[in-house]
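Written below as structure tokens is the structure these notes are about.
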Amino acid sequence: MKIDRHIPDWAQFLIFLFIFFVVLPFIGDVFRKIPLTFFFLLLLCPFFAWCLRSSSLDSSLTDTGYSKVRILLTCISIAIAFLFFAHYDYLRDQLGKRYLDSYSVHYENDIDDYGRPCRVPDPSANGFAGNIILYLSQWAILGLCVGIPCLTWKIAGTSIDVALKRKMQFNNSDAGDGL
């Protein structure tokens, strides 16, 4: 009797996310020290997904191997995007102090919908343009956090399709040689 030990892709994805959320408190401090490195790593995820179409990977990866790499790249991009989303206030404050004229942020104490006390940030900058930049930065980070993982998933899928078609054509051309 043969036992199938294959873990479904969705289960692997959930396992990765569970591990990420367990490790997240430790990664947060590293993220605050070198956010630019994480930003470049996030931007490299779609590039690595595009690199899956390379013919040099054909001998190294099977069909399921391509699928695993796609899931891994997507999970990494989701994890890094979550770090950017979770540390948005810190990033906004650091960039605002460095690049916006007379940037300041004031925190107001408030009560949330569940009756718990919370702090609400109120960032401001000198001039209309500075305030527009602050407003648009919220949308930019949200677009980054959603867009890059989706882009990574889509590019990896397209690259895998190209690689699998190339492998299929290579296998069909070998079958017709008669050797």
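Quick note on naming: the chains in the structure tokens go A, B, ... in the order shown, residues restart at 1 in each chain, and ligands are numbered from 1 in order of appearance.
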Range 55-157 of chain A near range 12-36 of chain A within 9 Å: what's each residue's closest atom pair and its distance in Å to one decimal, counting only C-alpha atoms, ordered by chain then ascending residue number, as JSON lines?
```
{"residue": "A:Lys68", "atom": "CA", "partner": "A:Gln12", "partner_atom": "CA", "distance": 8.9}
{"residue": "A:Ile71", "atom": "CA", "partner": "A:Phe13", "partner_atom": "CA", "distance": 7.0}
{"residue": "A:Leu72", "atom": "CA", "partner": "A:Phe13", "partner_atom": "CA", "distance": 8.1}
{"residue": "A:Cys75", "atom": "CA", "partner": "A:Phe13", "partner_atom": "CA", "distance": 7.0}
{"residue": "A:Ile76", "atom": "CA", "partner": "A:Phe16", "partner_atom": "CA", "distance": 9.0}
{"residue": "A:Ile78", "atom": "CA", "partner": "A:Leu17", "partner_atom": "CA", "distance": 8.9}
{"residue": "A:Ala79", "atom": "CA", "partner": "A:Phe20", "partner_atom": "CA", "distance": 6.9}
{"residue": "A:Leu83", "atom": "CA", "partner": "A:Gly28", "partner_atom": "CA", "distance": 7.2}
{"residue": "A:Phe84", "atom": "CA", "partner": "A:Pro35", "partner_atom": "CA", "distance": 8.4}
{"residue": "A:Ala86", "atom": "CA", "partner": "A:Gly28", "partner_atom": "CA", "distance": 8.9}
{"residue": "A:His87", "atom": "CA", "partner": "A:Arg32", "partner_atom": "CA", "distance": 8.0}
{"residue": "A:Tyr90", "atom": "CA", "partner": "A:Arg32", "partner_atom": "CA", "distance": 7.9}
{"residue": "A:Leu91", "atom": "CA", "partner": "A:Pro35", "partner_atom": "CA", "distance": 8.2}
```
I'd like the neighbourhood of Ile141 in chain A as a PyMOL selection string, where a residue qualifies if any of its atoms comes within 9 Å (using only C-alpha atoms), though same-chain residues fewer than 6 positions away should be ignored. chain A and resi 81+84-85+88
